[in-house]
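The file structure_21.cif comes next; it holds mmCIF, C-alpha atoms.
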```cif
data_upload
loop_
_atom_site.label_atom_id
_atom_site.label_comp_id
_atom_site.auth_asym_id
_atom_site.auth_seq_id
_atom_site.Cartn_x
_atom_site.Cartn_y
_atom_site.Cartn_z
CA MET A 200 0.00 0.00 0.00
CA ARG A 201 2.85 2.38 0.80
CA SER A 202 4.48 1.97 -2.61
CA PHE A 203 1.13 2.42 -4.37
CA ALA A 204 0.45 5.65 -2.50
CA VAL A 205 3.72 7.07 -3.81
CA LEU A 206 2.00 7.19 -7.20
CA LEU A 207 0.61 10.47 -5.92
CA LEU A 208 2.51 13.36 -7.41
CA LEU A 209 5.73 15.11 -6.60
CA ILE A 210 6.39 18.16 -8.76
CA PRO A 211 9.43 20.04 -7.51
CA LEU A 212 8.17 23.32 -8.96
CA VAL A 213 10.22 26.45 -8.72
CA CYS A 214 8.68 29.35 -6.73
CA GLN A 215 4.95 29.61 -6.54
CA ALA A 216 3.35 29.94 -9.93
CA PHE A 217 0.21 31.92 -10.80
CA GLU A 218 -1.11 31.60 -7.24
CA PRO A 219 -3.23 29.78 -6.22
CA LEU A 220 -2.61 27.64 -9.35
CA ASN A 221 0.24 25.26 -10.13
CA THR A 222 0.50 26.55 -13.70
CA ASP A 223 2.47 29.77 -14.24
CA ASP A 224 1.54 32.57 -16.64
CA ALA A 225 3.78 34.43 -19.09
CA GLY A 226 3.27 37.81 -17.43
CA THR A 227 6.04 39.53 -15.46
CA VAL A 228 5.99 42.13 -12.71
CA PRO A 229 6.53 45.60 -14.25
CA LYS A 230 9.98 47.18 -13.98
CA GLY A 231 10.63 48.73 -10.57
CA LEU A 232 7.54 47.20 -8.94
CA ASN A 233 7.22 44.39 -6.40
CA GLN A 234 4.90 41.51 -5.66
CA ILE A 235 4.38 39.42 -2.54
CA GLU A 236 2.49 36.12 -2.53
CA GLN A 237 1.66 34.80 0.93
CA TYR A 238 -0.43 31.65 1.14
CA PHE A 239 -1.40 28.88 3.53
CA PHE A 240 -2.03 25.28 2.50
CA THR A 241 -2.95 22.02 4.16
CA THR A 242 -2.60 18.53 2.64
CA ALA A 243 -4.30 15.22 3.36
CA SER A 244 -4.41 11.67 2.02
CA HIS A 245 -7.60 9.80 1.08
CA GLY A 246 -8.64 6.29 0.21
CA GLY A 247 -5.81 4.53 2.00
CA GLY A 248 -7.84 3.15 4.92
CA SER A 249 -5.45 2.22 7.68
CA ALA A 250 -2.56 3.27 5.40
CA ASN A 251 -3.34 6.97 5.62
CA THR A 252 0.09 7.60 7.11
CA VAL A 253 1.83 6.75 3.83
CA ASP A 254 3.64 9.45 1.90
CA ILE A 255 1.40 12.31 0.80
CA ILE A 256 2.78 13.73 -2.44
CA THR A 257 1.07 16.78 -3.91
CA PRO A 258 2.05 18.90 -6.92
CA GLY A 259 2.87 22.55 -6.51
CA GLU A 260 4.57 22.03 -3.15
CA GLU A 261 7.73 20.05 -2.60
CA TYR A 262 6.25 18.07 0.26
CA PHE A 263 6.17 14.27 0.34
CA GLY A 264 6.10 13.33 3.99
CA GLY A 265 4.24 10.68 5.91
CA GLN A 266 1.52 12.90 7.38
CA GLY A 267 -0.63 15.87 6.47
CA ALA A 268 1.23 19.16 6.16
CA LYS A 269 0.32 22.71 7.13
CA ALA A 270 2.59 25.35 5.66
CA PHE A 271 2.96 28.96 4.54
CA PRO A 272 4.62 29.37 1.11
CA PHE A 273 6.00 32.89 0.52
CA THR A 274 7.35 34.44 -2.69
CA TYR A 275 8.81 37.91 -3.28
CA THR A 276 9.13 39.08 -6.90
CA ARG A 277 10.80 42.19 -8.30
CA GLY A 278 10.47 43.52 -11.84
CA VAL A 279 14.00 44.31 -13.03
CA THR A 280 13.24 45.23 -16.66
CA ASP A 281 10.10 45.59 -18.77
CA ASN A 282 10.08 41.84 -19.44
CA VAL A 283 12.28 40.23 -16.74
CA GLU A 284 11.46 39.51 -13.10
CA LEU A 285 13.46 37.92 -10.28
CA SER A 286 11.84 35.98 -7.44
CA LEU A 287 12.81 34.50 -4.09
CA GLY A 288 10.64 31.92 -2.40
CA SER A 289 10.52 29.75 0.69
CA THR A 290 7.98 27.71 2.66
CA TYR A 291 7.49 27.70 6.43
CA PHE A 292 6.09 24.39 7.72
CA ALA A 293 3.89 24.59 10.80
CA ALA A 294 3.45 20.80 10.51
CA PRO A 295 5.17 18.42 10.51
CA ARG A 296 7.70 19.64 13.06
CA GLY A 297 10.84 17.97 14.36
CA SER A 298 14.57 18.39 14.85
CA PHE A 299 14.94 20.34 11.61
CA SER A 300 14.34 23.87 10.36
CA PRO A 301 10.71 24.60 9.41
CA LEU A 302 11.97 26.79 6.52
CA SER A 303 12.44 24.81 3.31
CA ASN A 304 12.12 24.95 -0.48
CA LYS A 305 14.31 28.02 -0.87
CA VAL A 306 14.09 28.93 -4.54
CA ILE A 307 15.72 31.58 -6.72
CA ALA A 308 14.08 32.07 -10.14
CA MET A 309 14.06 34.43 -13.11
CA LYS A 310 11.25 34.80 -15.63
CA TRP A 311 11.98 36.30 -19.05
CA ARG A 312 9.02 37.15 -21.31
CA PHE A 313 10.80 36.95 -24.65
CA ALA A 314 7.86 37.36 -27.05
CA GLU A 315 4.39 38.86 -26.81
CA ASN A 316 1.60 40.90 -28.34
CA ASP A 317 -1.90 41.83 -27.18
CA GLN A 318 -3.18 38.26 -27.57
CA TRP A 319 -0.34 35.98 -26.46
CA GLY A 320 2.93 35.80 -24.57
CA LEU A 321 5.90 33.40 -24.31
CA ALA A 322 8.27 33.21 -21.36
CA VAL A 323 11.03 31.03 -19.95
CA LYS A 324 11.70 30.61 -16.24
CA PRO A 325 14.94 28.97 -15.04
CA SER A 326 15.34 28.31 -11.32
CA ILE A 327 17.64 26.94 -8.65
CA THR A 328 16.39 25.27 -5.45
CA LEU A 329 18.87 25.48 -2.58
CA PRO A 330 19.55 22.21 -0.71
CA GLY A 331 17.71 21.33 2.46
CA SER A 332 19.17 19.33 5.33
CA PRO A 333 19.18 15.50 5.47
CA GLN A 334 16.68 15.74 8.34
CA GLN A 335 14.33 17.80 6.16
CA GLN A 336 14.63 15.23 3.37
CA VAL A 337 13.76 12.38 5.76
CA ALA A 338 10.76 14.36 7.02
CA GLY A 339 9.64 15.03 3.43
CA LEU A 340 10.00 18.82 3.53
CA ASP A 341 12.88 19.26 1.10
CA LEU A 342 15.64 17.50 -0.83
CA ALA A 343 19.16 17.54 0.57
CA LEU A 344 20.94 18.47 -2.68
CA PRO A 345 20.58 21.55 -4.93
CA ASN A 346 17.98 21.21 -7.70
CA TYR A 347 17.53 23.16 -10.91
CA GLY A 348 14.94 23.45 -13.64
CA VAL A 349 13.51 25.46 -16.51
CA ASN A 350 9.86 26.14 -17.34
CA LEU A 351 8.63 27.14 -20.81
CA ILE A 352 5.42 29.15 -20.48
CA ALA A 353 2.82 30.14 -23.10
CA SER A 354 -0.26 32.30 -22.48
CA ARG A 355 -3.17 33.12 -24.80
CA TYR A 356 -5.54 36.00 -23.99
CA TRP A 357 -9.12 36.77 -25.00
CA ASP A 358 -11.57 39.30 -23.56
CA VAL A 359 -12.98 37.07 -20.79
CA VAL A 360 -10.76 33.96 -21.01
CA GLU A 361 -7.03 33.35 -20.81
CA VAL A 362 -5.27 29.99 -21.13
CA HIS A 363 -1.80 29.18 -19.80
CA PHE A 364 0.43 26.26 -20.78
CA ASN A 365 3.56 25.01 -18.97
CA ALA A 366 6.25 22.52 -20.05
CA MET A 367 8.93 22.09 -17.42
CA TYR A 368 12.05 20.01 -16.93
CA SER A 369 13.79 19.80 -13.56
CA LYS A 370 16.74 17.90 -12.16
CA SER A 371 15.49 16.71 -8.78
CA LEU A 372 18.60 15.54 -6.92
CA TYR A 373 18.62 14.13 -3.38
CA ASN A 374 21.02 12.62 -0.86
CA THR A 375 20.89 8.89 -1.57
CA ASN A 376 22.21 8.12 1.92
CA TYR A 377 18.81 9.11 3.35
CA SER A 378 15.19 8.25 2.59
CA ILE A 379 12.83 10.76 1.01
CA GLY A 380 9.95 11.12 3.42
CA THR A 381 9.02 7.60 4.44
CA GLY A 382 8.92 6.35 0.86
CA VAL A 383 11.28 4.49 -1.40
CA THR A 384 14.87 5.69 -1.66
CA GLU A 385 15.25 5.20 -5.43
CA ASN A 386 13.63 8.13 -7.22
CA ARG A 387 13.79 9.39 -10.78
CA THR A 388 15.76 12.64 -10.85
CA ASN A 389 14.72 13.78 -14.36
CA ILE A 390 11.24 15.23 -13.83
CA TRP A 391 8.91 16.45 -16.61
CA PHE A 392 5.79 18.49 -15.95
CA PHE A 393 3.05 19.54 -18.41
CA SER A 394 -0.06 21.54 -17.51
CA MET A 395 -2.86 23.71 -18.85
CA ALA A 396 -4.96 26.26 -16.95
CA PRO A 397 -7.92 28.16 -18.45
CA VAL A 398 -8.97 31.19 -16.38
CA TRP A 399 -12.38 32.82 -16.83
CA LYS A 400 -13.38 36.35 -15.81
CA VAL A 401 -16.90 35.72 -14.49
CA ALA A 402 -17.43 39.13 -12.88
CA ASP A 403 -15.64 42.46 -12.64
CA LYS A 404 -13.53 41.31 -9.70
CA VAL A 405 -13.81 37.52 -9.84
CA ARG A 406 -11.92 34.94 -11.91
CA LEU A 407 -12.40 31.16 -11.85
CA ALA A 408 -9.76 28.68 -12.99
CA LEU A 409 -9.30 25.00 -13.80
CA ASP A 410 -5.74 23.66 -13.67
CA LEU A 411 -4.92 20.20 -15.12
CA GLY A 412 -1.52 18.54 -15.37
CA LEU A 413 0.60 15.43 -15.56
CA THR A 414 4.16 14.81 -14.44
CA THR A 415 6.89 12.24 -14.06
CA ASN A 416 6.20 10.02 -11.07
CA PRO A 417 9.46 10.07 -9.04
CA PRO A 418 9.58 6.49 -7.62
CA SER A 419 11.50 4.48 -10.22
CA THR A 420 9.59 1.31 -9.32
CA GLU A 421 6.18 2.84 -10.15
CA GLN A 422 4.37 4.00 -13.31
CA TYR A 423 6.02 6.87 -15.16
CA LEU A 424 3.28 9.55 -15.15
CA SER A 425 0.68 10.82 -12.67
CA ASN A 426 -2.04 13.49 -12.74
CA TYR A 427 -3.65 16.33 -10.83
CA ALA A 428 -6.74 18.55 -11.15
CA LEU A 429 -7.28 21.86 -9.38
CA VAL A 430 -10.12 24.38 -9.16
CA ALA A 431 -9.55 27.95 -7.98
CA ALA A 432 -11.12 31.37 -7.49
CA ILE A 433 -9.23 34.67 -7.59
CA ILE A 434 -10.99 37.70 -6.11
CA SER A 435 -9.62 41.22 -6.66
CA ALA A 436 -10.05 42.96 -3.32
CA SER A 437 -8.45 46.11 -4.80
CA ASP A 438 -6.25 47.15 -7.73
CA SER A 439 -3.20 45.90 -5.82
CA VAL A 440 -4.50 42.92 -3.81
CA ASP A 441 -5.91 39.58 -4.99
CA ILE A 442 -7.28 36.89 -2.69
CA GLY A 443 -6.93 33.34 -3.98
CA ILE A 444 -8.43 30.03 -2.91
CA SER A 445 -7.96 26.60 -4.48
CA TYR A 446 -8.59 22.90 -3.96
CA MET A 447 -6.58 20.18 -5.68
CA ARG A 448 -6.58 16.40 -5.90
CA SER A 449 -3.67 14.34 -7.22
CA ALA A 450 -3.58 10.63 -8.02
CA ALA A 451 -2.24 7.96 -10.34
CA ASN A 452 -4.77 8.93 -13.02
CA MET A 453 -7.69 11.25 -13.75
CA GLY A 454 -10.21 8.43 -13.23
CA ILE A 455 -9.31 8.23 -9.53
CA ILE A 456 -9.43 12.03 -9.24
CA ALA A 457 -12.87 12.23 -10.84
CA SER A 458 -14.40 9.31 -8.94
CA ASN A 459 -12.53 9.71 -5.64
CA ALA A 460 -12.50 5.89 -5.62
CA GLY A 461 -8.84 5.24 -4.91
CA ILE A 462 -5.77 6.52 -3.12
CA ASN A 463 -5.28 10.23 -3.71
CA ALA A 464 -3.96 13.34 -2.01
CA SER A 465 -5.54 16.75 -1.65
CA ARG A 466 -4.32 20.28 -1.03
CA SER A 467 -6.47 23.20 0.14
CA GLU A 468 -4.92 26.65 -0.19
CA ILE A 469 -5.83 30.26 0.59
CA GLY A 470 -3.86 33.48 0.60
CA PHE A 471 -3.20 36.80 -1.10
CA THR A 472 -1.07 38.48 -3.75
CA TRP A 473 0.00 42.09 -3.10
CA ARG A 474 1.49 44.28 -5.83
CA PHE A 475 3.25 47.53 -4.88
#
```

Could you render the structure from this file as structure tokens?
Amino acid sequence: MRSFAVLLLLIPLVCQAFEPLNTDDAGTVPKGLNQIEQYFFTTASHGGGSANTVDIITPGEEYFGGQGAKAFPFTYTRGVTDNVELSLGSTYFAAPRGSFSPLSNKVIAMKWRFAENDQWGLAVKPSITLPGSPQQQVAGLDLALPNYGVNLIASRYWDVVEVHFNAMYSKSLYNTNYSIGTGVTENRTNIWFFSMAPVWKVADKVRLALDLGLTTNPPSTEQYLSNYALVAAIISASDSVDIGISYMRSAANMGIIASNAGINASRSEIGFTWRF
């Protein structure tokens, strides 16, 4: 049962994407301006019966521990040119706790929007994830070697709908002398991630989104790809503040996600984006 539950996703994404989604958009913060994304999420496992303490692996957060997590992901972004932004991100884990730092997933990223017009945009986002400690890796909070990746982003815009596409490769290295969470120690380190997220403007200050994706399943003994589905709402409280809320399920395939009739993991998230 433990090895089957590891079919749930791990996507070692760079900083937070288009919060509260997993999929990023091609837009960048304007030159000289700043953006803060502060969110809270909680994860849980489902369908495992007495095996609910197996690894919970959810996309969008680099957490794959043996219990539900409660954490506060934070990202600061600065616009350095008209089409380039730099971002710094980290996650504070309120649970699980132990003899390790609660701060993990420290990420440095740059997004370059290299082509655009009024209807579409293309961007590339390379990133480096700083190494965590071996104790964090064992607890499932982080990986104890530096990771790197690059995300190719495409966005298409209409009057009331926009659609974002991501294709990402990451090198997800870890210290092989220690386990990753409570799961298997042999993981794939070449991770591919593909996603699509349509976003609808349903009212003047309200947008709804659907985010769908598939990714490499890290355990080398399990099937190669896994899936997730996420629904979200983004409410513009003001011109500079958005409030986001999302709910996601991840599993071995979309059939389990749709029917909720097998082992899956969930993530509930809420927070805000502040531009200044």

Output as CSV one row per residue of range 317-340 of chain A within 8 Å of range 362-378 of chain A: the closest atom pair and its distance in Å to one decimal place, counting all atoms listed in the file, sorted by chain and residue number ascending.
```
residue,atom,partner,partner_atom,distance
A:Pro333,CA,A:Tyr377,CA,6.7
A:Gln336,CA,A:Ser378,CA,7.0
A:Val337,CA,A:Ser378,CA,5.4
```

Q: Convert the output of the PyMOL selection byres ((chain A and resi 470-472) around 7) on the shown file into explicit residues, formatted as a PyMOL selection string.
A: chain A and resi 234-239+440-444+468-469+473-474

(Q) Taking 5 positions as the minimum chain separation for residues in the same chain, which residues sit within 8 Å of range 299-305 of chain A when counting only C-alpha atoms? Answer as a list of chain:residue names. (A)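 Near neighbours after the sequence-gap exclusion: A:Glu261, A:Leu287, A:Gly288, A:Ser289, A:Thr290, A:Tyr291, A:Phe292, A:Ala293, A:Thr328, A:Leu329, A:Pro330, A:Gly331, A:Ser332, A:Gln334, A:Gln335, A:Leu340, A:Asp341.
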
Q | Long-range neighbours of range 308-311 of chain A as a list in words, 6 Å cut-off, only C-alpha atoms, 3 positions minimum in chain | A |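 Skipping anything fewer than 3 positions along the chain leaves Asn282, Val283, Glu284, Leu285, Ser286, Ala322, Val323, Lys324, Pro325 and Ser326 of chain A.
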
Q: Enumerate, as a list in words, the residues matched when the PyMOL selection byres ((chain A and resi 294) around 8) is run on the file above.
A: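 Selected by the PyMOL selection byres ((chain A and resi 294) around 8) here: Gly267, Ala268, Lys269, Ala270, Phe292, Ala293, Pro295 and Arg296 of chain A.
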
Q | Picked residues, the PyMOL selection byres ((chain A and resi 421-430) around 6), expected as a PyMOL selection string | A | chain A and resi 408-416+418-420+431+445-452

For Ile327 in chain A, list every protein, DNA or RNA residue within 7 Å, evaluated using all atoms listed in the file, and leave out those in the same chain fewer than 3 positions away; present the list as a compact mmCIF listing (two decimals) with C-alpha atoms, keeping the file's coordinate frame.
```txt
# COMPACT_ATOMS: atom_id res chain seq x y z
CA VAL A 306 14.09 28.93 -4.54
CA ILE A 307 15.72 31.58 -6.72
CA ALA A 308 14.08 32.07 -10.14
CA ASN A 346 17.98 21.21 -7.70
CA TYR A 347 17.53 23.16 -10.91
CA GLY A 348 14.94 23.45 -13.64
```

(Q) For a quick check of understanding, using only C-alpha atoms, which of A:Ile462, A:Phe217, A:Ala343, A:Thr222 has the smallest distance to Ala396 in chain A? (A)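 Comparing A:Ile462, A:Phe217, A:Ala343, A:Thr222 against Ala396 in chain A, the winner is A:Thr222.
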
If we count all atoms listed in the file and set the cut-off at 12 Å, which residues sit around Asp403 in chain A, ignoring sequence neighbours fewer than 5 positions away in its own chain? Please answer as a PDB file with C-alpha atoms, in the frame of the given file.
```pdb
ATOM      1  CA  VAL A 359     -12.980  37.070 -20.790  1.00  0.00           C
ATOM      2  CA  ILE A 433      -9.230  34.670  -7.590  1.00  0.00           C
ATOM      3  CA  ILE A 434     -10.990  37.700  -6.110  1.00  0.00           C
ATOM      4  CA  SER A 435      -9.620  41.220  -6.660  1.00  0.00           C
ATOM      5  CA  ALA A 436     -10.050  42.960  -3.320  1.00  0.00           C
ATOM      6  CA  SER A 437      -8.450  46.110  -4.800  1.00  0.00           C
ATOM      7  CA  ASP A 438      -6.250  47.150  -7.730  1.00  0.00           C
TER       8      ASP A 438
END
```

Q: To one decimal in Å, tell me the separation between CA of Arg387 in chain A and CA of Pro345 in chain A.
A: 15.1 Å

Q.
Restricting the calculation to all atoms listed in the file: of A:Leu351, A:Glu361, A:His245, A:Leu407, which residue gets closest to Phe392 in chain A?
A. A:Leu351

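Between CA of Asp223 in chain A and CA of Asn463 in chain A the separation is 23.5 Å.
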
Q | Residue neighbourhood Thr280 in chain A, 10 Å, only C-alpha atoms, exclusion window fewer than 5 positions, as a list in words | A | Thr227, Val228, Pro229, Lys230, Gly231, Leu232, Leu285 and Trp311 of chain A

Q. Quick one, how far is CA of Gln266 in chain A from CA of Phe240 in chain A?
A.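 A separation of 13.8 Å between them.
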
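Between Thr274 in chain A and the candidates A:Ala338, A:Asn233, A:Thr388, A:Asp224, the tightest atom-to-atom separation, counting all atoms listed in the file, involves A:Asn233.
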
Q. Which residue gives the smallest distance to Gly339 in chain A among A:Val405, A:Ile352, A:Ala460, A:Ile379, with only C-alpha atoms counted?
A.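 Of the candidates, the smallest distance to Gly339 in chain A is held by A:Ile379.
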
Q: Rank A:Gly246, A:Leu342, A:Asn316, A:Gly226 by their smallest atom-to-atom distance to Gly461 in chain A, using only C-alpha atoms, and report the top residue only.
A: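 Of the candidates, the smallest distance to Gly461 in chain A is held by A:Gly246.
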